[in-house]
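Quick notes on the structure that follows.
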Amino acid sequence: MSPDSLARWQFASTTIYHFIIVPVSIGLGLLVATMQTLAYRRRGTASGHEWDRAARFWGKLLLISFAIGVVTGIVQEFQFGMNWSAYSRFVGDIFGAPLAMEALIAFFLESTFLGLWIFGRDLLGPKLHLLAIWCAAIGSAISAYFILAANSFMQHPVGYRINPVTHRAELTSIWKVLTNSTQLVTFPHTLLAAILTGAVLLIGVSAWHLRRDGTAADVVHTRVLHLAVPIAIVAAVGVSLAGHVQGQIMTKQQPMKMAAAEALWNTKSSAPFSLFAYGDVSKGRNKIDLTVPDGLSILATNRPSGTVQGINQIQAEEQAKYGNGNYVPVVGLAYWCFRLMIGFGALAGLVAAGLAVQWRRGRLLASPRLLRAAVWAISLPLLANTAGWLFTETARQPWLVFGVLKTADGVSPNVSNTVVAFSLVGFVVLYGVLGVIAARLFAKAARQGPDTDVETLLPPGAPLSSDGVLSLAD
């Protein structure tokens, strides 16, 4: 296996694991802040006490995801220098700027105020305590913005010039990098996906408790479900709309990626969108193909009669522009990842819609199969996020920075295959163990449910224990 392939496998394995955690942390942070807001606005009432308990319960799960996210994210930073030193040297002046801003501004904001929210409950007033969790949640979102700005440069490089002497990319406008047209559609899509992930997690855990305990279930789970269901539905619709706009931007900037997403080999007007194909899509030999008429043209151009370029034509254009070479990604992988991303996300929204219908009918607890489906639905946004990331990164190949730097030219020249392979195996084993531990901690905390001690029923801002010990960590 070539050095760049091994390096890609290593980075993909760590990134996929990290990207499972990130949307959970972002979505949960915003939703816990919402619960804390409801607790503050209704303080002194039974409803306020219940929302306070909900915020503290889900705050425990937020802390677990945050801790795992920090550990797994640090590894990625080191990989740029270890396995991708040629890439880091070439675009470090540009790529390093948003990463530094993420660490110095966003992560500082997130971690500092999350600590204040955890440890400051007995020390801060109710307003400051509420402000702390909102600052932490907003910090998570800002962190995602800076990271996505760096990634968007790889998809659509702007705000730079190539130094004719050093042959390195140099930053000319940080504003253009931060307001990249790719970034402006990617961030809302990612943020809404994170909110959907968090909302479906709330739905699944609450549904598990309601299915197990029935009418005897803690009222907190009913309130959380009532909050999460409409948020999940709105987020699912929002992700679809943002994805539609993103598809049009992608068609203009990376036409090969859109063509690969549909396995469209030749340019076509009024191009259909394939829902499912059986056969070798990587060679256009589909035995069964279920399609939506004009679907791809609408997705790519917003017009049913729009023309979408095919892989063969784009390959010829890119050879003429960039020189001889294969500019076609792994079409089968792009095709199925694109559909899995859409399919899993849509299923999550449908489960939330089904719960909403049964809720309106007053038959939610009488629908054990739907509640069971809601529990299993926790995995759907996670799978959609993973498929979306795989599509975004693999369908850009062979480019590391589109049109500027190829993946094969970005790997470290002095790192042997043996070293990369050894570290790849080590990371997979380590992350596997870490994943089991994190999953067990998360499941244990989720099964326990909200605290029921008398102390936890005090209004937000009141002392939680006589010795001032942190209650969230008890």
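Naming scheme: A, B, ... for chains in displayed order of the structure tokens; residues 1 onward per chain; ligands 1 onward as shown.
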Name the residues in contact with range 60-72 of chain A at a cut-off of 7 Å, using only C-alpha atoms, excluding same-chain residues fewer than 4 positions from it; report them as a PyMOL selection string. chain A and resi 18+21-22+24-25+28-29+56+442+445+472
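Within range 99-250 of chain A, DSSP run on the backbone puts these residues in strand (DSSP E or B): Tyr160, Arg161, Ile162, Ala169, Glu170 and Leu171 of chain A.
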Serialized selection, C-alpha atoms, as an mmCIF file, in the first residue's frame:
data_model
loop_
_atom_site.group_PDB
_atom_site.id
_atom_site.type_symbol
_atom_site.label_atom_id
_atom_site.label_comp_id
_atom_site.auth_asym_id
_atom_site.auth_seq_id
_atom_site.Cartn_x
_atom_site.Cartn_y
_atom_site.Cartn_z
ATOM 1 C CA TYR A 160 -4.236 33.090 -1.064
ATOM 2 C CA ARG A 161 -1.384 33.377 -3.544
ATOM 3 C CA ILE A 162 1.480 31.061 -4.511
ATOM 4 C CA ALA A 169 0.601 29.124 -0.531
ATOM 5 C CA GLU A 170 0.473 32.398 1.396
ATOM 6 C CA LEU A 171 -2.523 34.013 3.031
#
Between A:Thr186, A:Ser367, A:Thr37, A:Thr394, single out the one closest to Ala150 in chain A, counting only C-alpha atoms. A:Thr186
CA of Leu191 in chain A and CA of Phe146 in chain A, how far apart in Å?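 Between these atoms lies a distance of 12.5 Å.
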Listing only residues of range 169-285 of chain A within 10 Å of range 323-329 of chain A, what is the closest atom pair and its distance in Å (to one decimal) for each, using only C-alpha atoms, sorted by chain and residue number ascending, as CSV?
residue,atom,partner,partner_atom,distance
A:Met256,CA,A:Val328,CA,7.2
A:Lys257,CA,A:Pro329,CA,7.9
A:Ala259,CA,A:Val328,CA,9.6
A:Ala260,CA,A:Pro329,CA,7.2
A:Ala261,CA,A:Pro329,CA,10.0
A:Ser282,CA,A:Pro329,CA,9.7
Find, counting only C-alpha atoms, the residue in A:Glu317, A:Ser206, A:Ala374, A:Leu192 that gets nearest to Val219 in chain A.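 Residue with the minimum atom-to-atom distance to Val219 in chain A: A:Ser206.
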Name the residues in contact with Phe95 in chain A at a cut-off of 12 Å, using only C-alpha atoms, excluding same-chain residues fewer than 3 positions from it; report them as a ChimeraX atom specification. /A:77,80,87-92,98-102,146-154,157-160,169-171,174,177-178,401
Ala217 in chain A: which residues within 12 Å, counting only C-alpha atoms, same-chain residues fewer than 3 positions away excluded, as a list in words? Ser206, Ala207, Trp208, His209, Leu210, Arg211, Arg212, Asp213, Gly214, Val220, His221, Thr222, Arg223, Leu365, Gly449 and Pro450 of chain A
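Here the question is which of A:Gln358, A:Ser412, A:Gln448, A:Thr386 gets nearest to Ala86 in chain A using only C-alpha atoms, and that residue is A:Ser412.
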Non-local contacts of Thr15 in chain A (10 Å; only C-alpha atoms; under 5 positions in same chain excluded) as a list of chain:residue names: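 Within the cut-off, the hits are A:Trp9, A:Gln10, A:Ile20, A:Ile21, A:Thr72, A:Gly73, A:Val75, A:Gln76, A:Thr386, A:Trp389, A:Leu390.
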Do you have the CA of Trp84 in chain A-CA of Ser173 in chain A distance handy?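 Between these atoms lies a distance of 24.0 Å.
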Residues at most 10 Å from Val415 in chain A, counting only C-alpha atoms, excluding those fewer than 2 positions away in the same chain, as a PyMOL selection string? chain A and resi 3+7+82-85+411-413+417-420
If you keep C-alpha atoms, can you produce a file of those selected residues as a short mmCIF file (atom, residue, chain, number, x, y, z; two decimals), in the first residue's frame?
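Final file, part-v8.cif:
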data_model
loop_
_atom_site.label_atom_id
_atom_site.label_comp_id
_atom_site.auth_asym_id
_atom_site.auth_seq_id
_atom_site.Cartn_x
_atom_site.Cartn_y
_atom_site.Cartn_z
CA PRO A 3 2.36 5.96 1.82
CA ALA A 7 -1.72 8.10 5.81
CA MET A 82 3.63 13.67 11.37
CA ASN A 83 1.99 12.26 8.25
CA TRP A 84 1.18 15.38 6.23
CA SER A 85 4.23 17.59 6.69
CA VAL A 411 2.34 13.25 2.63
CA SER A 412 5.50 13.35 4.74
CA PRO A 413 8.43 12.21 2.57
CA ASN A 417 5.18 2.76 5.47
CA THR A 418 6.11 0.64 8.46
CA VAL A 419 5.84 3.55 10.87
CA VAL A 420 2.49 4.69 9.47
#
Give me, as JSON lines, the closest atom pair and its distance (Å, one decimal) for every residue of range 221-278 of chain A within a cut-off of 12 Å of range 302-307 of chain A, counting only C-alpha atoms, rows sorted by chain and rising number.
{"residue": "A:His244", "atom": "CA", "partner": "A:Asn302", "partner_atom": "CA", "distance": 8.8}
{"residue": "A:Val245", "atom": "CA", "partner": "A:Asn302", "partner_atom": "CA", "distance": 9.0}
{"residue": "A:Gln246", "atom": "CA", "partner": "A:Asn302", "partner_atom": "CA", "distance": 11.6}
{"residue": "A:Gly247", "atom": "CA", "partner": "A:Asn302", "partner_atom": "CA", "distance": 9.7}
{"residue": "A:Gln248", "atom": "CA", "partner": "A:Asn302", "partner_atom": "CA", "distance": 7.6}
{"residue": "A:Ile249", "atom": "CA", "partner": "A:Asn302", "partner_atom": "CA", "distance": 11.1}
{"residue": "A:Thr251", "atom": "CA", "partner": "A:Thr307", "partner_atom": "CA", "distance": 10.7}
{"residue": "A:Lys252", "atom": "CA", "partner": "A:Thr307", "partner_atom": "CA", "distance": 11.9}
{"residue": "A:Pro255", "atom": "CA", "partner": "A:Thr307", "partner_atom": "CA", "distance": 11.5}
{"residue": "A:Ala259", "atom": "CA", "partner": "A:Thr307", "partner_atom": "CA", "distance": 11.3}
{"residue": "A:Leu264", "atom": "CA", "partner": "A:Thr307", "partner_atom": "CA", "distance": 11.6}
{"residue": "A:Asn266", "atom": "CA", "partner": "A:Thr307", "partner_atom": "CA", "distance": 10.6}
{"residue": "A:Thr267", "atom": "CA", "partner": "A:Thr307", "partner_atom": "CA", "distance": 7.0}
{"residue": "A:Lys268", "atom": "CA", "partner": "A:Thr307", "partner_atom": "CA", "distance": 5.6}
{"residue": "A:Ser269", "atom": "CA", "partner": "A:Thr307", "partner_atom": "CA", "distance": 4.1}
{"residue": "A:Ser270", "atom": "CA", "partner": "A:Ser305", "partner_atom": "CA", "distance": 4.3}
{"residue": "A:Ala271", "atom": "CA", "partner": "A:Thr307", "partner_atom": "CA", "distance": 7.2}
{"residue": "A:Pro272", "atom": "CA", "partner": "A:Pro304", "partner_atom": "CA", "distance": 9.0}
{"residue": "A:Phe273", "atom": "CA", "partner": "A:Pro304", "partner_atom": "CA", "distance": 11.0}
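Among the candidates A:Asp218, A:Ser297, A:Val200, A:Val308, the residue lying nearest to Ile378 in chain A is A:Val200 (atoms considered: only C-alpha atoms).
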